[in-house]
Every structure is written in C-alpha cells, then in structure tokens.
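Written below as structure tokens is the structure these notes are about.
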Amino acid sequence: MGQTEDKQWFVLRVASNREEQVREALSRKVQIEGIDDLIGRIVVPTEKVKRVRGGQQKVYERKLYPGYVFVEMLLTEEGGIQERCWYVIKETSGVGDFIGAEGRPTPMSGSDVTKMLHQAEALEDVPSIQMEFKKGDLIKVKGGSFEGYEGEVDEIDSEKGTVRIIVTIFGRATPLDIEYWQVEKV
C-alpha cells in the first residue's frame, strides 16, 4: 500500500474543521480539471469513537490529524509539483499551504505514509469507547442492581465497555464490573 506508481504524499495545512469540505472540493476539482492521473488519493484520516451521554450511545468520527489533509501527487521530472496541480490545490477554499522546508513542499517519508495509511484503515470499523472518567475518579452507579452506590474507578476496559469500581458493601471494599453507561462522575 504506500506510494502508487511514482506519486508522493504531501501534507496540506487547511482551515480548522474544514478538512472534509476541502477534501471533497479538491476531489471535485481534480475530476473537473481531468487531472486524476496527476493527483491520486486525498485523505482525512479519522477514527470512530463511541461516546455515551445521558444513557445514549453515539458513534462519531474524530480526526487523527486536525487541520491537515493528505494528498498523493505525481511530481514533475525535476521532483516539483505539477503546475496544474499547484493551482487547483492553492485555489481551493480553506487550503492554507503545504508542509515543507524553505518554502518548498516536502513529500512525506515512506514510513510516515505507511503509518498514516495504516491508521486510517485500521481504525475504520472498530470504534473505541470514549469514557469521561479515569482511574481514581469518584463515580456513582446510576442503573442496575447497584444503583445509588458510589465508588472509585479501579480499571477501565474500553474494548468491552466495562468499568471496574471499588464500592463499600457491608463495610468491605468490593470490586464491581459495570457497563460504562451505568456510571457517572460524582
């Protein structure tokens, strides 16, 4: 996976929270201008995250690199960006500039490309659970047979979506494994 033919990956700085609009606008312009042989993939890597608020579970996408869009391009024989590509990209609303040294866009290294693409693909279908508490936080059980008990977070299992809390039952510290949506911060 990595590079396609002789295309190189570049990083574009874009307006915050406009990454997806920039990606879509660039994709449209590439098609309209007929330069899809020069510009390959345009990527905004995201991860799916589960969040629970008020007992409602919601999956949303979080950007791995906020403020950046990754563009795969075919370079000129001298190793520069094709003039047509340069203008299409720079004239797209929301685009700032290329990441580079000495005012020149610098292609990403092969290892960085591999890491970015691997993250983008690996995270596509496995939402992680984002919990609003951490080990040591005081929480209260708000559902199930232990409703009303208060305790301290001992362990979080974001794969299973459970939280181990230590509560005092009949004067003894007792660990309980509870679904994360059944507890709230005190």
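Chain labels run A, B, ... following the order of the structure tokens; each chain numbers its residues from 1, and ligands are numbered from 1 in the order shown.
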
Sorted by chain and rising residue number, which residues of region 28-78 of chain A lie within 6 Å of region 9-23 of chain A, and what are their closest atom pairs and distances in Å to one decimal, counting only C-alpha atoms, as a Markdown table?
```
| residue | atom | partner | partner_atom | distance |
| --- | --- | --- | --- | --- |
| A:Gly67 | CA | A:Ser16 | CA | 4.9 |
| A:Tyr68 | CA | A:Arg13 | CA | 4.9 |
| A:Val69 | CA | A:Leu12 | CA | 5.2 |
| A:Phe70 | CA | A:Val11 | CA | 4.8 |
| A:Val71 | CA | A:Phe10 | CA | 5.3 |
| A:Glu72 | CA | A:Trp9 | CA | 4.3 |
```

Those residues with N, CA and C atoms, as a PDB file, in the first residue's frame please?
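Generated output (out13.pdb):
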```
ATOM      1  N   GLY A  67      -6.736  19.758  11.112  1.00  0.00           N
ATOM      2  CA  GLY A  67      -6.077  20.852  10.411  1.00  0.00           C
ATOM      3  C   GLY A  67      -5.208  20.420   9.240  1.00  0.00           C
ATOM      4  N   TYR A  68      -5.244  19.114   8.903  1.00  0.00           N
ATOM      5  CA  TYR A  68      -4.407  18.629   7.807  1.00  0.00           C
ATOM      6  C   TYR A  68      -5.175  17.710   6.862  1.00  0.00           C
ATOM      7  N   VAL A  69      -4.817  17.790   5.571  1.00  0.00           N
ATOM      8  CA  VAL A  69      -5.340  16.893   4.542  1.00  0.00           C
ATOM      9  C   VAL A  69      -4.124  16.321   3.820  1.00  0.00           C
ATOM     10  N   PHE A  70      -4.155  15.023   3.514  1.00  0.00           N
ATOM     11  CA  PHE A  70      -3.043  14.349   2.851  1.00  0.00           C
ATOM     12  C   PHE A  70      -3.393  14.141   1.382  1.00  0.00           C
ATOM     13  N   VAL A  71      -2.463  14.528   0.489  1.00  0.00           N
ATOM     14  CA  VAL A  71      -2.703  14.468  -0.955  1.00  0.00           C
ATOM     15  C   VAL A  71      -1.572  13.706  -1.633  1.00  0.00           C
ATOM     16  N   GLU A  72      -1.953  12.756  -2.481  1.00  0.00           N
ATOM     17  CA  GLU A  72      -0.989  11.956  -3.227  1.00  0.00           C
ATOM     18  C   GLU A  72      -0.868  12.548  -4.637  1.00  0.00           C
TER      19      GLU A  72
END
```

For this session: Write out as a VMD selection string all residues of region 52-148 of chain A that backbone DSSP assigns to strand (DSSP E or B).
Result: chain A and resid 52 to 53 56 to 63 68 to 75 81 95 to 98 100 to 101 104 to 105 128 to 130 138 to 141

Go ahead and write the residues just picked, C-alpha atoms, as a CSV table (one decimal), in the first residue's frame.
```
chain,number,residue,atom,x,y,z
A,52,VAL,CA,-22.2,7.9,25.9
A,53,ARG,CA,-24.1,10.8,27.3
A,56,GLN,CA,-27.5,7.3,24.8
A,57,GLN,CA,-24.6,5.7,22.9
A,58,LYS,CA,-23.4,7.6,19.8
A,59,VAL,CA,-20.6,6.8,17.4
A,60,TYR,CA,-18.8,9.8,15.8
A,61,GLU,CA,-15.7,10.3,13.8
A,62,ARG,CA,-12.7,12.1,15.3
A,63,LYS,CA,-9.9,13.4,13.0
A,68,TYR,CA,-4.4,18.6,7.8
A,69,VAL,CA,-5.3,16.9,4.5
A,70,PHE,CA,-3.0,14.3,2.9
A,71,VAL,CA,-2.7,14.5,-1.0
A,72,GLU,CA,-1.0,12.0,-3.2
A,73,MET,CA,0.5,13.6,-6.3
A,74,LEU,CA,2.7,12.8,-9.4
A,75,LEU,CA,5.7,15.0,-9.4
A,81,ILE,CA,4.7,19.8,-8.0
A,95,VAL,CA,-6.4,25.5,1.9
A,96,GLY,CA,-3.5,27.2,3.6
A,97,ASP,CA,-0.2,25.9,2.4
A,98,PHE,CA,1.9,22.8,2.0
A,100,GLY,CA,7.7,21.8,3.8
A,101,ALA,CA,11.1,23.3,4.3
A,104,ARG,CA,9.0,24.3,-0.8
A,105,PRO,CA,6.5,21.5,-0.2
A,128,SER,CA,-13.3,2.7,20.6
A,129,ILE,CA,-15.3,3.9,23.6
A,130,GLN,CA,-14.6,7.3,24.9
A,138,LEU,CA,-15.2,9.0,42.2
A,139,ILE,CA,-18.3,7.8,40.4
A,140,LYS,CA,-21.9,6.8,41.2
A,141,VAL,CA,-23.8,3.8,39.8
```

Seminar exercise, completed: Between A:Thr106, A:Arg84, A:Leu117, A:Thr174, smallest distance to Ile42 (chain A) by only C-alpha atoms belongs to A:Leu117

Wanna dump the region 77-156 of chain A-region 162-169 of chain A contacts at 12 Å for me, each residue with its shortest atom pair and the distance in Å to one decimal, counting only C-alpha atoms, ordered by chain and number, as a tab-separated table?
```
residue	atom	partner	partner_atom	distance
A:Ile129	CA	A:Thr162	CA	9.8
A:Gln130	CA	A:Thr162	CA	11.5
A:Met131	CA	A:Val163	CA	9.5
A:Glu132	CA	A:Val163	CA	11.5
A:Phe133	CA	A:Val163	CA	9.7
A:Lys134	CA	A:Val163	CA	9.5
A:Lys135	CA	A:Ile165	CA	9.0
A:Gly136	CA	A:Ile165	CA	9.2
A:Asp137	CA	A:Ile165	CA	9.5
A:Leu138	CA	A:Ile165	CA	9.0
A:Ile139	CA	A:Ile165	CA	8.2
A:Lys140	CA	A:Ile165	CA	9.5
A:Val141	CA	A:Ile165	CA	9.4
A:Phe146	CA	A:Val167	CA	9.6
A:Glu147	CA	A:Val167	CA	11.5
A:Gly148	CA	A:Val167	CA	10.7
A:Tyr149	CA	A:Val167	CA	6.9
A:Glu150	CA	A:Val167	CA	6.2
A:Gly151	CA	A:Val167	CA	4.4
A:Glu152	CA	A:Ile166	CA	5.3
A:Val153	CA	A:Ile165	CA	4.5
A:Asp154	CA	A:Ile165	CA	5.2
A:Glu155	CA	A:Arg164	CA	5.0
A:Ile156	CA	A:Val163	CA	4.6
```

With C-alpha atoms retained, could you export that selection as a PDB file, in the first residue's frame?
```
ATOM      1  CA  ILE A 129     -15.305   3.863  23.573  1.00  0.00           C
ATOM      2  CA  GLN A 130     -14.585   7.302  24.922  1.00  0.00           C
ATOM      3  CA  MET A 131     -15.285   7.456  28.632  1.00  0.00           C
ATOM      4  CA  GLU A 132     -15.458  10.636  30.597  1.00  0.00           C
ATOM      5  CA  PHE A 133     -13.637   9.285  33.627  1.00  0.00           C
ATOM      6  CA  LYS A 134     -10.305   7.710  34.520  1.00  0.00           C
ATOM      7  CA  LYS A 135      -8.770   5.519  37.222  1.00  0.00           C
ATOM      8  CA  GLY A 136      -9.177   7.121  40.639  1.00  0.00           C
ATOM      9  CA  ASP A 137     -12.287   9.174  39.769  1.00  0.00           C
ATOM     10  CA  LEU A 138     -15.232   9.034  42.159  1.00  0.00           C
ATOM     11  CA  ILE A 139     -18.327   7.767  40.390  1.00  0.00           C
ATOM     12  CA  LYS A 140     -21.901   6.822  41.173  1.00  0.00           C
ATOM     13  CA  VAL A 141     -23.819   3.841  39.804  1.00  0.00           C
ATOM     14  CA  PHE A 146     -26.140  -1.491  42.476  1.00  0.00           C
ATOM     15  CA  GLU A 147     -27.884   1.808  41.664  1.00  0.00           C
ATOM     16  CA  GLY A 148     -27.015   4.568  44.121  1.00  0.00           C
ATOM     17  CA  TYR A 149     -23.683   3.086  45.215  1.00  0.00           C
ATOM     18  CA  GLU A 150     -20.642   5.335  44.997  1.00  0.00           C
ATOM     19  CA  GLY A 151     -17.101   4.156  44.448  1.00  0.00           C
ATOM     20  CA  GLU A 152     -13.749   4.760  42.864  1.00  0.00           C
ATOM     21  CA  VAL A 153     -12.762   3.750  39.332  1.00  0.00           C
ATOM     22  CA  ASP A 154     -10.165   0.982  39.566  1.00  0.00           C
ATOM     23  CA  GLU A 155      -9.898  -0.176  35.952  1.00  0.00           C
ATOM     24  CA  ILE A 156     -11.384   0.680  32.547  1.00  0.00           C
TER      25      ILE A 156
END
```

Exercise. Which one of A:Ser93, A:Thr76, A:Ser158, A:Ser27 sits closest to Tyr180 (chain A) if you count only C-alpha atoms?
Worked result: A:Ser158

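Restricting the calculation to only C-alpha atoms, the smallest distance between Glu83 (chain A) and any of A:Ile39, A:Lys50, A:Gln182, A:Arg172 is found for A:Ile39.
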
For this session: Please identify which residues in region 56-119 of chain A DSSP calls alpha helix (DSSP H) from the backbone, and express them as number ranges by chain.
Result: A: 83-90, 110-119

Save the residues we just selected, C-alpha atoms, as an mmCIF file, in the first residue's frame?
```
data_model
loop_
_atom_site.group_PDB
_atom_site.id
_atom_site.type_symbol
_atom_site.label_atom_id
_atom_site.label_comp_id
_atom_site.auth_asym_id
_atom_site.auth_seq_id
_atom_site.Cartn_x
_atom_site.Cartn_y
_atom_site.Cartn_z
ATOM 1 C CA GLU A 83 1.822 23.486 -12.151
ATOM 2 C CA ARG A 84 -1.786 22.422 -12.837
ATOM 3 C CA CYS A 85 -1.940 20.587 -9.503
ATOM 4 C CA TRP A 86 -0.437 23.553 -7.657
ATOM 5 C CA TYR A 87 -3.124 25.956 -8.914
ATOM 6 C CA VAL A 88 -6.026 23.548 -8.352
ATOM 7 C CA ILE A 89 -4.904 22.991 -4.760
ATOM 8 C CA LYS A 90 -3.934 26.576 -3.882
ATOM 9 C CA GLY A 110 7.683 6.329 3.226
ATOM 10 C CA SER A 111 7.429 5.322 6.896
ATOM 11 C CA ASP A 112 5.164 8.304 7.698
ATOM 12 C CA VAL A 113 2.924 7.443 4.721
ATOM 13 C CA THR A 114 2.694 3.810 5.816
ATOM 14 C CA LYS A 115 1.840 4.852 9.391
ATOM 15 C CA MET A 116 -0.816 7.377 8.262
ATOM 16 C CA LEU A 117 -2.489 4.957 5.821
ATOM 17 C CA HIS A 118 -2.332 2.095 8.317
ATOM 18 C CA GLN A 119 -4.008 4.247 10.995
#
```

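For the set A:Asp157, A:Glu184, A:Glu47, A:Asp177, the residue with the smallest atom-to-atom gap to Ser145 (chain A) is A:Asp177, counting only C-alpha atoms.
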